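Asker: Input structure: structure-v6.txt, which contains compact mmCIF, C-alpha atoms (C1' of nucleotides).
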# COMPACT_ATOMS: atom_id res chain seq x y z
CA MET A 1 -108.38 -41.56 29.56
CA GLY A 2 -111.82 -40.04 30.05
CA LEU A 3 -112.87 -36.57 30.87
CA THR A 4 -110.24 -34.89 32.97
CA PHE A 5 -111.19 -31.25 32.72
CA GLU A 6 -114.86 -30.63 33.21
CA LEU A 7 -116.20 -27.15 32.60
CA ILE A 8 -119.09 -26.29 34.87
CA ARG A 9 -119.73 -22.74 33.82
CA THR A 10 -118.08 -19.97 31.85
CA THR A 11 -118.55 -16.22 31.98
CA ASP A 12 -118.53 -13.50 29.35
CA ALA A 13 -115.29 -12.23 30.76
CA GLY A 14 -113.71 -15.57 29.97
CA GLY A 15 -113.85 -16.91 33.49
CA ARG A 16 -114.24 -20.65 33.96
CA ARG A 17 -115.58 -22.66 36.84
CA ALA A 18 -114.48 -26.23 36.33
CA GLN A 19 -113.16 -29.33 37.95
CA LEU A 20 -109.98 -31.08 37.11
CA HIS A 21 -110.01 -34.82 37.68
CA LEU A 22 -106.57 -35.90 38.79
CA PRO A 23 -105.39 -39.27 40.08
CA HIS A 24 -105.33 -38.18 43.72
CA GLN A 25 -107.98 -35.50 43.78
CA THR A 26 -110.71 -33.81 41.85
CA VAL A 27 -109.59 -30.23 41.95
CA GLN A 28 -112.16 -27.46 41.92
CA THR A 29 -110.92 -24.63 39.75
CA PRO A 30 -109.90 -21.87 39.59
CA VAL A 31 -107.41 -23.01 42.17
CA PHE A 32 -104.46 -21.58 44.02
CA MET A 33 -101.67 -24.07 44.65
CA PRO A 34 -99.40 -23.53 47.65
CA VAL A 35 -95.75 -24.09 46.87
CA GLY A 36 -93.97 -26.90 48.66
CA THR A 37 -90.61 -26.92 46.94
CA ALA A 38 -88.73 -29.41 49.08
CA GLY A 39 -91.55 -31.73 49.99
CA THR A 40 -93.15 -29.33 52.43
CA VAL A 41 -95.17 -26.18 52.25
CA LYS A 42 -92.70 -24.49 54.55
CA ALA A 43 -93.78 -24.34 58.17
CA VAL A 44 -97.19 -26.00 57.69
CA PRO A 45 -97.98 -29.66 58.35
CA GLN A 46 -99.95 -31.63 55.79
CA ASP A 47 -103.02 -32.16 57.94
CA THR A 48 -103.29 -28.41 58.45
CA LEU A 49 -103.08 -27.86 54.70
CA GLU A 50 -105.98 -30.22 54.31
CA GLN A 51 -107.97 -28.34 56.93
CA LEU A 52 -107.25 -25.12 55.07
CA GLY A 53 -108.74 -26.64 51.96
CA ALA A 54 -105.58 -26.90 49.89
CA GLN A 55 -106.46 -29.21 46.99
CA ILE A 56 -103.13 -29.40 45.24
CA ILE A 57 -99.61 -28.40 46.20
CA LEU A 58 -96.34 -28.09 44.32
CA GLY A 59 -93.08 -29.91 44.64
CA ASN A 60 -89.85 -29.17 42.83
CA THR A 61 -87.95 -31.56 40.61
CA TYR A 62 -84.52 -30.02 41.01
CA HIS A 63 -84.71 -29.71 44.79
CA LEU A 64 -86.12 -33.17 45.40
CA TYR A 65 -83.68 -34.74 42.96
CA LEU A 66 -80.78 -33.25 44.95
CA ARG A 67 -82.27 -34.14 48.30
CA PRO A 68 -83.40 -36.74 49.21
CA GLY A 69 -83.15 -37.97 45.58
CA HIS A 70 -85.92 -39.15 43.25
CA GLU A 71 -84.88 -42.81 43.38
CA PRO A 72 -85.28 -43.05 47.15
CA ILE A 73 -88.65 -41.35 46.80
CA ARG A 74 -89.68 -43.78 44.07
CA ARG A 75 -88.65 -46.71 46.27
CA MET A 76 -90.76 -45.31 49.08
CA GLY A 77 -93.82 -45.22 46.87
CA GLY A 78 -93.59 -41.76 45.35
CA LEU A 79 -93.89 -38.24 46.63
CA HIS A 80 -97.46 -38.57 47.88
CA GLU A 81 -96.50 -41.50 50.08
CA PHE A 82 -93.22 -39.97 51.15
CA ILE A 83 -94.65 -36.72 52.42
CA SER A 84 -98.03 -38.18 53.34
CA TRP A 85 -100.16 -35.98 51.12
CA PRO A 86 -103.33 -37.65 49.87
CA ARG A 87 -104.52 -34.91 47.54
CA ALA A 88 -103.14 -33.69 44.25
CA MET A 89 -99.59 -32.56 43.55
CA LEU A 90 -97.76 -30.89 40.73
CA THR A 91 -94.02 -30.88 40.22
CA ASP A 92 -92.23 -28.05 38.53
CA SER A 93 -89.68 -29.31 36.08
CA GLY A 94 -86.62 -27.42 37.22
CA GLY A 95 -87.16 -24.85 34.51
CA PHE A 96 -87.47 -22.10 37.04
CA GLN A 97 -84.12 -23.08 38.52
CA VAL A 98 -82.56 -22.56 35.09
CA PHE A 99 -83.62 -18.97 35.72
CA SER A 100 -83.11 -18.53 39.45
CA LEU A 101 -79.81 -20.39 39.71
CA SER A 102 -78.42 -18.50 36.75
CA GLU A 103 -75.02 -18.20 38.38
CA LEU A 104 -74.75 -21.90 38.94
CA ARG A 105 -75.69 -23.26 35.54
CA LYS A 106 -74.80 -23.48 31.88
CA VAL A 107 -77.45 -23.96 29.20
CA THR A 108 -76.96 -25.81 25.92
CA ASP A 109 -79.41 -27.27 23.41
CA GLU A 110 -78.95 -30.64 25.01
CA GLY A 111 -79.81 -29.48 28.53
CA VAL A 112 -78.59 -27.58 31.56
CA ARG A 113 -75.55 -28.23 33.67
CA PHE A 114 -76.21 -27.15 37.26
CA ARG A 115 -73.84 -26.77 40.11
CA SER A 116 -75.72 -27.86 43.19
CA HIS A 117 -76.49 -24.95 45.49
CA LEU A 118 -76.07 -27.43 48.35
CA ASP A 119 -72.57 -28.80 47.79
CA GLY A 120 -71.34 -27.44 44.48
CA SER A 121 -71.51 -30.84 42.76
CA SER A 122 -72.28 -30.87 39.04
CA HIS A 123 -75.53 -32.24 37.59
CA PHE A 124 -76.84 -32.37 34.05
CA PHE A 125 -80.55 -31.89 33.45
CA THR A 126 -82.16 -32.65 30.11
CA PRO A 127 -85.86 -32.72 29.27
CA GLU A 128 -85.65 -36.52 29.37
CA HIS A 129 -83.98 -36.48 32.75
CA SER A 130 -86.52 -34.04 34.17
CA MET A 131 -89.29 -36.36 32.98
CA ASP A 132 -87.60 -39.39 34.54
CA VAL A 133 -87.30 -37.56 37.85
CA GLN A 134 -90.87 -36.29 37.71
CA ILE A 135 -92.25 -39.71 36.87
CA ALA A 136 -90.33 -41.17 39.79
CA LEU A 137 -91.75 -38.49 42.06
CA GLY A 138 -95.17 -39.27 40.67
CA ALA A 139 -97.03 -36.02 41.12
CA ASP A 140 -100.43 -35.86 39.45
CA ILE A 141 -99.12 -33.23 37.07
CA ALA A 142 -95.60 -32.94 35.68
CA MET A 143 -94.32 -29.91 33.83
CA ALA A 144 -92.33 -29.79 30.62
CA PHE A 145 -88.72 -28.80 31.06
CA ASP A 146 -88.42 -25.19 29.96
CA GLU A 147 -86.23 -22.17 30.22
CA CYS A 148 -87.87 -19.39 32.16
CA THR A 149 -86.78 -16.39 30.12
CA GLU A 150 -85.41 -13.56 32.23
CA TYR A 151 -86.69 -9.99 32.14
CA PRO A 152 -85.76 -7.87 30.42
CA ALA A 153 -84.82 -10.00 27.42
CA GLU A 154 -84.14 -8.54 24.02
CA ARG A 155 -86.01 -9.88 21.07
CA GLY A 156 -83.18 -12.08 19.85
CA ARG A 157 -82.59 -13.50 23.25
CA ALA A 158 -86.33 -14.22 23.79
CA GLU A 159 -86.50 -15.94 20.37
CA GLU A 160 -83.54 -18.11 21.15
CA SER A 161 -84.89 -18.95 24.58
CA LEU A 162 -88.25 -19.83 23.09
CA ARG A 163 -86.70 -22.01 20.42
CA LEU A 164 -84.99 -23.95 23.19
CA THR A 165 -88.14 -24.26 25.29
CA MET A 166 -90.16 -25.49 22.31
CA ALA A 167 -87.56 -28.10 21.40
CA TRP A 168 -87.44 -29.19 25.01
CA ALA A 169 -91.25 -29.36 25.11
CA ARG A 170 -91.27 -31.89 22.26
CA ARG A 171 -88.58 -33.95 23.91
CA SER A 172 -90.35 -33.74 27.27
CA LEU A 173 -93.62 -34.91 25.80
CA GLU A 174 -92.13 -37.74 23.81
CA HIS A 175 -90.15 -39.09 26.71
CA PHE A 176 -93.04 -38.64 29.09
CA ARG A 177 -95.52 -40.51 26.90
CA ALA A 178 -93.06 -43.37 26.61
CA HIS A 179 -92.58 -43.68 30.36
CA GLN A 180 -95.60 -42.23 32.13
CA HIS A 181 -96.86 -45.69 33.00
CA GLU A 182 -93.88 -46.03 35.33
CA VAL A 183 -95.29 -43.77 38.06
CA PRO A 184 -94.96 -45.37 41.50
CA TRP A 185 -98.74 -45.57 41.96
CA ALA A 186 -99.53 -46.93 38.47
CA ALA A 187 -100.77 -50.20 39.92
CA ASP A 188 -102.89 -48.56 42.60
CA ILE A 189 -104.69 -46.01 40.46
CA PRO A 190 -104.74 -47.72 37.08
CA ASP A 191 -107.55 -45.72 35.52
CA ARG A 192 -105.86 -42.41 35.97
CA THR A 193 -102.47 -41.46 34.65
CA GLN A 194 -99.95 -38.79 35.41
CA ARG A 195 -100.41 -35.63 33.34
CA LEU A 196 -97.95 -33.39 31.54
CA PHE A 197 -98.38 -29.68 30.93
CA GLY A 198 -96.57 -27.64 28.31
CA ILE A 199 -95.28 -24.15 29.06
CA VAL A 200 -95.73 -21.07 26.91
CA GLN A 201 -92.71 -18.75 26.89
CA GLY A 202 -91.72 -15.91 24.58
CA GLY A 203 -90.61 -13.14 26.91
CA MET A 204 -92.76 -10.02 26.67
CA TYR A 205 -93.33 -10.34 22.92
CA ARG A 206 -96.92 -10.98 21.97
CA ASP A 207 -96.15 -12.63 18.67
CA LEU A 208 -93.61 -14.94 20.28
CA ARG A 209 -96.16 -15.88 22.91
CA LYS A 210 -98.66 -16.62 20.18
CA GLN A 211 -96.15 -18.68 18.27
CA SER A 212 -95.30 -20.55 21.44
CA ALA A 213 -98.92 -21.35 22.22
CA GLU A 214 -99.58 -22.56 18.69
CA GLN A 215 -96.59 -24.84 18.65
CA LEU A 216 -97.48 -26.30 22.01
CA MET A 217 -101.07 -27.00 21.01
CA GLU A 218 -99.87 -29.07 18.12
CA MET A 219 -98.15 -31.23 20.69
CA ASP A 220 -101.27 -32.06 22.63
CA PHE A 221 -100.31 -31.65 26.24
CA ASP A 222 -102.80 -32.37 29.03
CA GLY A 223 -102.80 -28.74 30.04
CA TYR A 224 -101.08 -25.49 29.23
CA ALA A 225 -99.09 -23.17 31.41
CA ILE A 226 -97.96 -19.63 30.83
CA GLY A 227 -94.47 -19.26 32.25
CA GLY A 228 -91.85 -16.56 32.34
CA LEU A 229 -94.11 -14.06 34.08
CA SER A 230 -93.62 -12.27 37.38
CA VAL A 231 -89.93 -12.18 36.80
CA GLY A 232 -89.59 -8.46 37.42
CA GLU A 233 -91.72 -6.99 34.63
CA PRO A 234 -94.36 -4.34 35.36
CA ARG A 235 -97.80 -5.70 36.15
CA GLU A 236 -99.43 -4.29 33.06
CA LEU A 237 -97.08 -6.42 30.99
CA THR A 238 -97.93 -9.53 32.96
CA LEU A 239 -101.59 -8.85 32.35
CA GLU A 240 -101.01 -8.10 28.69
CA MET A 241 -99.19 -11.39 28.15
CA ILE A 242 -101.87 -13.38 29.94
CA SER A 243 -104.64 -11.65 27.98
CA GLU A 244 -102.82 -12.37 24.77
CA VAL A 245 -102.28 -16.04 25.38
CA LEU A 246 -105.41 -17.18 27.21
CA PRO A 247 -107.85 -16.98 24.27
CA MET A 248 -105.50 -19.05 22.16
CA LEU A 249 -105.37 -21.98 24.52
CA PRO A 250 -107.76 -24.90 24.11
CA ARG A 251 -111.00 -24.37 25.93
CA ASP A 252 -111.21 -27.94 27.15
CA LYS A 253 -107.88 -28.08 28.92
CA PRO A 254 -106.66 -26.44 32.10
CA ARG A 255 -104.69 -23.20 31.92
CA TYR A 256 -102.06 -22.50 34.47
CA VAL A 257 -100.22 -19.22 35.05
CA MET A 258 -97.02 -19.99 36.86
CA GLY A 259 -95.66 -17.97 39.75
CA VAL A 260 -98.45 -15.46 40.43
CA GLY A 261 -99.34 -13.44 42.35
CA TYR A 262 -100.58 -10.88 44.86
CA PRO A 263 -104.09 -11.43 46.22
CA ASP A 264 -105.72 -9.02 43.79
CA GLU A 265 -103.79 -10.51 40.89
CA ILE A 266 -104.90 -14.09 41.46
CA GLU A 267 -108.48 -12.95 41.69
CA GLN A 268 -108.20 -10.92 38.52
CA TYR A 269 -106.52 -13.70 36.55
CA ALA A 270 -109.01 -16.28 37.77
CA ARG A 271 -111.88 -14.13 36.53
CA MET A 272 -110.16 -13.88 33.16
CA GLY A 273 -110.05 -17.63 32.76
CA VAL A 274 -106.88 -18.80 34.44
CA ASP A 275 -107.63 -22.13 36.09
CA MET A 276 -104.51 -22.69 38.14
CA MET A 277 -101.92 -20.50 39.84
CA ASP A 278 -99.11 -20.96 42.28
CA CYS A 279 -96.90 -18.54 44.10
CA VAL A 280 -94.38 -18.54 46.93
CA LEU A 281 -95.54 -15.10 47.97
CA PRO A 282 -98.08 -16.03 50.68
CA THR A 283 -95.68 -18.49 52.29
CA ARG A 284 -92.44 -16.56 51.97
CA ALA A 285 -93.98 -13.23 52.92
CA ALA A 286 -95.53 -14.90 55.96
CA ARG A 287 -92.15 -16.09 57.18
CA HIS A 288 -90.87 -12.56 56.74
CA GLY A 289 -93.72 -11.07 58.74
CA LEU A 290 -96.01 -9.82 55.97
CA LEU A 291 -99.65 -10.78 56.34
CA PHE A 292 -102.22 -10.33 53.62
CA THR A 293 -105.52 -9.23 55.06
CA SER A 294 -108.89 -7.87 54.00
CA GLU A 295 -107.53 -4.47 55.10
CA GLY A 296 -104.37 -4.75 53.06
CA ARG A 297 -100.81 -5.57 53.97
CA LEU A 298 -99.96 -5.99 57.61
CA THR A 299 -96.30 -5.92 58.61
CA ILE A 300 -96.84 -7.82 61.79
CA LYS A 301 -93.42 -7.08 63.28
CA ASN A 302 -94.13 -3.36 63.43
CA ARG A 303 -93.85 -1.84 66.88
CA LYS A 304 -97.39 -0.50 66.69
CA PHE A 305 -98.76 -4.02 67.14
CA ALA A 306 -96.88 -4.67 70.38
CA GLU A 307 -100.04 -4.50 72.45
CA ASP A 308 -102.66 -4.82 69.76
CA GLN A 309 -105.08 -7.43 71.02
CA GLY A 310 -107.15 -7.59 67.88
CA PRO A 311 -107.00 -10.50 65.43
CA PRO A 312 -104.58 -10.26 62.49
CA ASP A 313 -107.52 -9.78 60.13
CA PRO A 314 -110.86 -8.79 61.69
CA ASN A 315 -112.71 -10.20 58.69
CA CYS A 316 -110.96 -13.54 58.66
CA ASP A 317 -112.25 -16.68 60.33
CA CYS A 318 -109.13 -18.77 59.83
CA MET A 319 -107.81 -20.81 62.73
CA VAL A 320 -105.14 -18.20 63.43
CA CYS A 321 -107.41 -15.16 63.35
CA ARG A 322 -109.96 -16.87 65.56
CA ARG A 323 -107.46 -17.62 68.28
CA TYR A 324 -104.42 -15.32 68.32
CA THR A 325 -103.77 -11.60 68.62
CA ARG A 326 -101.58 -9.29 66.58
CA ALA A 327 -99.55 -8.67 69.71
CA TYR A 328 -98.82 -12.37 70.07
CA LEU A 329 -97.91 -12.81 66.41
CA ARG A 330 -95.63 -9.80 66.65
CA HIS A 331 -93.98 -11.23 69.73
CA LEU A 332 -93.39 -14.58 68.00
CA MET A 333 -91.85 -12.70 65.12
CA GLN A 334 -89.62 -10.61 67.39
CA ALA A 335 -88.53 -13.67 69.32
CA ARG A 336 -87.89 -15.57 66.09
CA GLU A 337 -90.01 -18.39 67.33
CA ALA A 338 -90.71 -21.17 64.83
CA LEU A 339 -94.42 -20.91 65.52
CA SER A 340 -94.32 -17.45 63.99
CA ALA A 341 -93.68 -18.89 60.53
CA THR A 342 -96.37 -21.48 61.02
CA LEU A 343 -99.14 -19.16 62.17
CA ASN A 344 -98.30 -16.42 59.65
CA THR A 345 -98.22 -18.93 56.82
CA ILE A 346 -101.49 -20.55 57.85
CA HIS A 347 -103.20 -17.19 57.78
CA ASN A 348 -101.79 -16.14 54.42
CA LEU A 349 -102.67 -19.45 52.82
CA ALA A 350 -106.14 -19.33 54.32
CA TYR A 351 -106.51 -15.85 52.86
CA TYR A 352 -105.38 -16.93 49.40
CA LEU A 353 -107.45 -20.09 49.40
CA LYS A 354 -110.50 -18.19 50.52
CA ILE A 355 -110.12 -15.69 47.71
CA MET A 356 -110.24 -18.54 45.24
CA GLN A 357 -113.14 -20.14 47.00
CA ARG A 358 -115.05 -16.89 46.73
CA VAL A 359 -114.13 -16.52 43.07
CA ARG A 360 -115.28 -20.06 42.38
CA GLY A 361 -118.55 -19.24 44.06
CA SER A 362 -119.14 -16.14 42.04
CA LEU A 363 -118.20 -17.85 38.78
CA GLU A 364 -120.70 -20.53 39.60
CA ASN A 365 -123.48 -18.16 40.58
CA PRO A 366 -122.89 -14.82 38.95
CA GLU A 367 -124.27 -11.94 41.00
CA PRO A 368 -127.24 -10.33 39.27
CA ILE A 369 -126.31 -6.80 38.31
C1' G B 1 -53.00 -4.65 100.68
C1' C B 2 -49.74 -6.10 96.40
C1' A B 3 -49.31 -7.74 91.13
C1' C B 4 -51.17 -8.17 86.50
C1' A B 5 -55.39 -7.35 82.92
C1' G B 6 -59.26 -4.17 81.89
C1' G B 7 -63.07 0.12 81.80
C1' U B 8 -65.36 2.56 74.13
C1' G B 9 -72.02 4.67 71.76
C1' G B 10 -78.61 0.02 74.52
C1' C B 11 -75.20 -4.72 74.86
C1' C B 12 -70.68 -7.32 73.19
C1' G B 13 -66.33 -5.72 70.97
C1' A B 14 -62.34 -3.26 67.36
C1' G B 15 -59.37 0.95 67.34
C1' C B 16 -53.95 2.43 70.45
C1' G B 17 -51.54 10.39 68.33
C1' G B 18 -54.57 13.30 63.18
C1' U B 19 -58.13 10.42 57.37
C1' U B 20 -62.89 8.74 64.25
C1' A B 21 -69.58 10.32 65.45
C1' A B 22 -65.64 6.20 66.08
C1' U B 23 -64.72 -1.14 62.07
C1' G B 24 -67.74 -5.55 63.33
C1' G B 25 -71.58 -8.24 65.60
C1' C B 26 -76.14 -8.25 68.52
C1' A B 27 -80.46 -5.76 69.91
C1' G B 28 -83.85 -1.91 67.97
C1' C B 29 -86.66 0.75 63.78
C1' A B 30 -88.44 0.73 58.79
C1' G B 31 -88.82 -1.44 53.94
C1' A B 32 -88.68 -5.35 50.16
C1' C B 33 -90.38 -10.20 48.80
C1' U B 34 -94.61 -13.14 42.58
C1' G B 35 -93.22 -21.63 38.85
C1' U B 36 -88.48 -20.82 46.95
C1' A B 37 -80.16 -21.15 47.01
C1' A B 38 -85.06 -16.81 51.19
C1' A B 39 -86.90 -18.19 59.32
C1' U B 40 -83.85 -14.07 53.60
C1' C B 41 -82.27 -9.39 51.82
C1' U B 42 -81.89 -3.83 52.00
C1' G B 43 -81.77 0.83 54.54
C1' C B 44 -81.52 3.58 59.22
C1' C B 45 -79.51 3.29 63.97
C1' G B 46 -75.56 9.84 69.68
C1' C B 47 -78.54 14.68 69.96
C1' U B 48 -80.49 19.20 67.53
C1' C B 49 -81.28 22.07 63.27
C1' C B 50 -81.76 23.13 57.84
C1' U B 51 -83.80 20.99 51.59
C1' U B 52 -80.36 17.00 48.97
C1' G B 53 -75.84 18.26 51.04
C1' G B 54 -74.56 19.84 55.15
C1' A B 55 -74.27 22.87 60.06
C1' G B 56 -73.79 22.81 65.24
C1' C B 57 -73.47 20.24 69.87
C1' U B 58 -72.18 16.09 73.08
C1' A B 59 -69.17 11.61 73.27
C1' C B 60 -64.53 6.48 74.39
C1' G B 61 -64.84 5.54 83.65
C1' G B 62 -63.55 10.72 86.39
C1' A B 63 -60.24 14.95 87.02
C1' G B 64 -55.94 17.15 85.46
C1' G B 65 -51.67 17.32 82.02
C1' U B 66 -48.40 16.76 77.34
C1' U B 67 -49.36 18.12 72.11
C1' C B 68 -50.96 22.33 66.64
C1' G B 69 -54.12 17.86 67.51
C1' A B 70 -55.87 12.60 72.45
C1' A B 71 -60.49 7.09 72.72
C1' U B 72 -55.27 6.56 71.73
C1' C B 73 -49.29 9.33 75.63
C1' C B 74 -48.45 10.93 81.19
C1' U B 75 -50.30 11.69 86.53
C1' C B 76 -53.82 10.96 90.28
C1' C B 77 -58.58 9.05 91.55
C1' C B 78 -62.90 5.63 90.99
C1' C B 79 -64.59 0.87 89.40
C1' U B 80 -64.30 -4.49 87.41
C1' G B 81 -61.80 -9.32 86.68
C1' U B 82 -57.83 -12.74 87.81
C1' G B 83 -53.69 -14.21 90.83
C1' C B 84 -50.87 -13.65 95.41
C1' A B 85 -51.17 -12.28 100.40
So that I can check it, write out the structure of this file as structure tokens.

Answerer:
Amino acid sequence: MGLTFELIRTTDAGGRRAQLHLPHQTVQTPVFMPVGTAGTVKAVPQDTLEQLGAQIILGNTYHLYLRPGHEPIRRMGGLHEFISWPRAMLTDSGGFQVFSLSELRKVTDEGVRFRSHLDGSSHFFTPEHSMDVQIALGADIAMAFDECTEYPAERGRAEESLRLTMAWARRSLEHFRAHQHEVPWAADIPDRTQRLFGIVQGGMYRDLRKQSAEQLMEMDFDGYAIGGLSVGEPRELTLEMISEVLPMLPRDKPRYVMGVGYPDEIEQYARMGVDMMDCVLPTRAARHGLLFTSEGRLTIKNRKFAEDQGPPDPNCDCMVCRRYTRAYLRHLMQAREALSATLNTIHNLAYYLKIMQRVRGSLENPEPI
RNA sequence: GCACAGGUGGCCGAGCGGUUAAUGGCAGCAGACUGUAAAUCUGCCGCUCCUUGGAGCUACGGAGGUUCGAAUCCUCCCCUGUGCA
């Protein structure tokens, strides 16, 4: 399969500058991955994402399975073709929906029965089924089907949840290895195959996290994710769990912390050695009128910006900050114009992507002290 | 001119004798958002004071009246809509 994760430089703090060779893109890491749940990074067209420098975006197994359906997408050549995205993609397995749709599902050892949030219809997801859907979608990276443990979770509950996730990880891997050659683009990109990442769970219990990581490493995934974080726990706990798990993961494989974070968090985690992160925060917050800037949070709908003719972020050179004023963005927000979501999201993503670009730079060429 | 139907807080619109500073919605103000059931959700939203909790004042077109008590009942006036002249 060749070298897929190529370390370029590491730091004493554990930071890693590397590149991840994926079928559709060589991804420079550490990387932030915008979330595009339903086949779109909400409000932003694909060509703009490319201009912003997005290297890899997410899609979601559960959402795309429900609509438009993974079989139609397979028939149309896979997710890349369908949404016209030439770079890398990663699909989440539906594990997060086991958590977020808690009122619409029932979990057993075999799998999860969901009631569709769209029409109430019943669907059964197993690790095997999640793999089948993800292979049909054909993202560069698929994720093992897991249960994202809620917070707070008592010890017994976290153990039980972890037991389930580990069993599902084995089943995911086995089924994936047996069928990964079936990706829609297998014939077009024969030398590179779809990848599967395992997910560390264990609630907020260090020993469970350790146990989880050890078990997963025996299974030899293509990369390792830390899941079940940013689910309501205090930040120190998030950090503690990441610090606990990172050193245990194999050095020569990518490490992915799922669902983080605020701008300062992604920078911090990247410097600690996290290679990949994703988060809905920059996109969702943008649609709700919250801009992340070099001067902190900017609630763009605030009255005080009504006639503010300055750029959203004076230290930002993104296509939005170069062209539009705070007053205009506030007006678009007030008027509920669709362009509001687009411009706000472009800025936030530009801000996030630039943070990672800067971090990559400093990992590559450490500043002399 | 006559006949109906109406005039309620920035707007729309409930209420039709006391539990009404007055249901709802919109607009407005502020806040939240971390592998997206999210262009969503939460709080505030007559004025003035004091610390939470409250206190006072002003309010349902206008002016009178009935009543212990009126946005709610009666009289007159003003205005709006519809129909008939």

Asker: Would you tabulate, counting only C-alpha atoms (C1' of nucleotides), all residues of chain A that have an atom at most 8 Å from an atom of chain B, showing the closest pair of atoms and their distance in Å to one decimal, sorted by chain then ascending number, as a tab-separated table?

Answerer:
residue	atom	partner	partner_atom	distance
A:Val35	CA	B:U36	C1'	8.0
A:Thr37	CA	B:U36	C1'	6.5
A:Asp92	CA	B:G35	C1'	6.5
A:Phe96	CA	B:G35	C1'	6.0
A:Leu101	CA	B:A37	C1'	7.3
A:His117	CA	B:A37	C1'	5.5
A:Leu118	CA	B:A37	C1'	7.6
A:Gly227	CA	B:G35	C1'	7.1
A:Ser230	CA	B:U34	C1'	5.4
A:Val231	CA	B:U34	C1'	7.5
A:Met258	CA	B:G35	C1'	4.6
A:Gly259	CA	B:G35	C1'	4.5
A:Val260	CA	B:U34	C1'	5.0
A:Gly261	CA	B:U34	C1'	4.7
A:Tyr262	CA	B:U34	C1'	6.8
A:Asp278	CA	B:G35	C1'	6.8
A:Cys279	CA	B:U34	C1'	6.1
A:Val280	CA	B:U36	C1'	6.3
A:Leu281	CA	B:U34	C1'	5.8
A:Arg284	CA	B:C33	C1'	7.4
A:Ala285	CA	B:C33	C1'	6.3
A:Arg287	CA	B:A39	C1'	6.0
A:His288	CA	B:A39	C1'	7.4
A:Arg336	CA	B:A39	C1'	7.3
A:Ala338	CA	B:A39	C1'	7.3
A:Ala341	CA	B:A39	C1'	6.9

Asker: Could you pull the residues within 12 Å of G62 (chain B), counting all atoms listed in the file, minus those fewer than 3 positions along the same chain, as a VMD selection string?

Answerer: chain B and resid 7 76 to 79

Asker: Taking (-72.6, 3.7, 69.8) as a centre in this file's frame and 9 Å as the limit, can you find every polymer residue with an atom that close, using all atoms listed in the file, and give them as a VMD selection string?

Answerer: chain B and resid 8 to 10 21 to 22 46

Asker: Can I get the selected residues back with C-alpha atoms (C1' of nucleotides), as a short mmCIF file (atom, residue, chain, number, x, y, z; two decimals), in the frame of the given file?

Answerer:
data_model
loop_
_atom_site.label_atom_id
_atom_site.label_comp_id
_atom_site.auth_asym_id
_atom_site.auth_seq_id
_atom_site.Cartn_x
_atom_site.Cartn_y
_atom_site.Cartn_z
"C1'" U B 8 -65.36 2.56 74.13
"C1'" G B 9 -72.02 4.67 71.76
"C1'" G B 10 -78.61 0.02 74.52
"C1'" A B 21 -69.58 10.32 65.45
"C1'" A B 22 -65.64 6.20 66.08
"C1'" G B 46 -75.56 9.84 69.68
#

Asker: Can you measure CA of Val257 (chain A) to CA of Val98 (chain A) for me? One decimal in Å is fine.

Answerer: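 Going from CA of Val257 (chain A) over to CA of Val98 (chain A), I get 18.0 Å.
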
Asker: Which value, in Å to one decimal, gives the distance between CA of Ala13 (chain A) and CA of Arg271 (chain A)?

Answerer: 7.0 Å

Asker: In Å, rounded to a single decimal, give me how far CA of Leu329 (chain A) is from CA of Ser294 (chain A).

Answerer: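 Interatomic distance, CA of Ser294 (chain A) to CA of Leu329 (chain A): 17.3 Å.
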
Asker: With distances taken over only C-alpha atoms, which residue among A:Gly203, A:Pro86, A:Pro45, A:Gly223 lies nearest Leu339 (chain A)?

Answerer: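 Result for the nearest residue to Leu339 (chain A): A:Pro45.
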
Asker: With only C-alpha atoms as the basis for distance, which of A:Glu174, A:Glu103, A:Glu233, A:Asp140 is at the shortest distance from His80 (chain A)?

Answerer: A:Asp140

Asker: So that I can see what lies close to Phe176 (chain A), please list as a ChimeraX atom specification the residues with an atom at most 8 Å from it, counting all atoms listed in the file and leaving out residues fewer than 2 positions away in the same chain.

Answerer: /A:128,131-132,135,172-174,178-180,196

Asker: I want to know what sits within 12 Å of A85 (chain B), based on only C-alpha atoms (C1' of nucleotides), with residues of the same chain fewer than 6 positions away left out; could you give that as a list of chain:residue names?

Answerer: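 Residues near the query, excluding close chain neighbours: B:G1, B:C2, B:A3.
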
Asker: List the neighbours of U72 (chain B) out to 9 Å using all atoms listed in the file; skip same-chain residues closer than 5 positions along the sequence, and give me the result as an MDAnalysis selection string.

Answerer: chainID B and resid 15:17
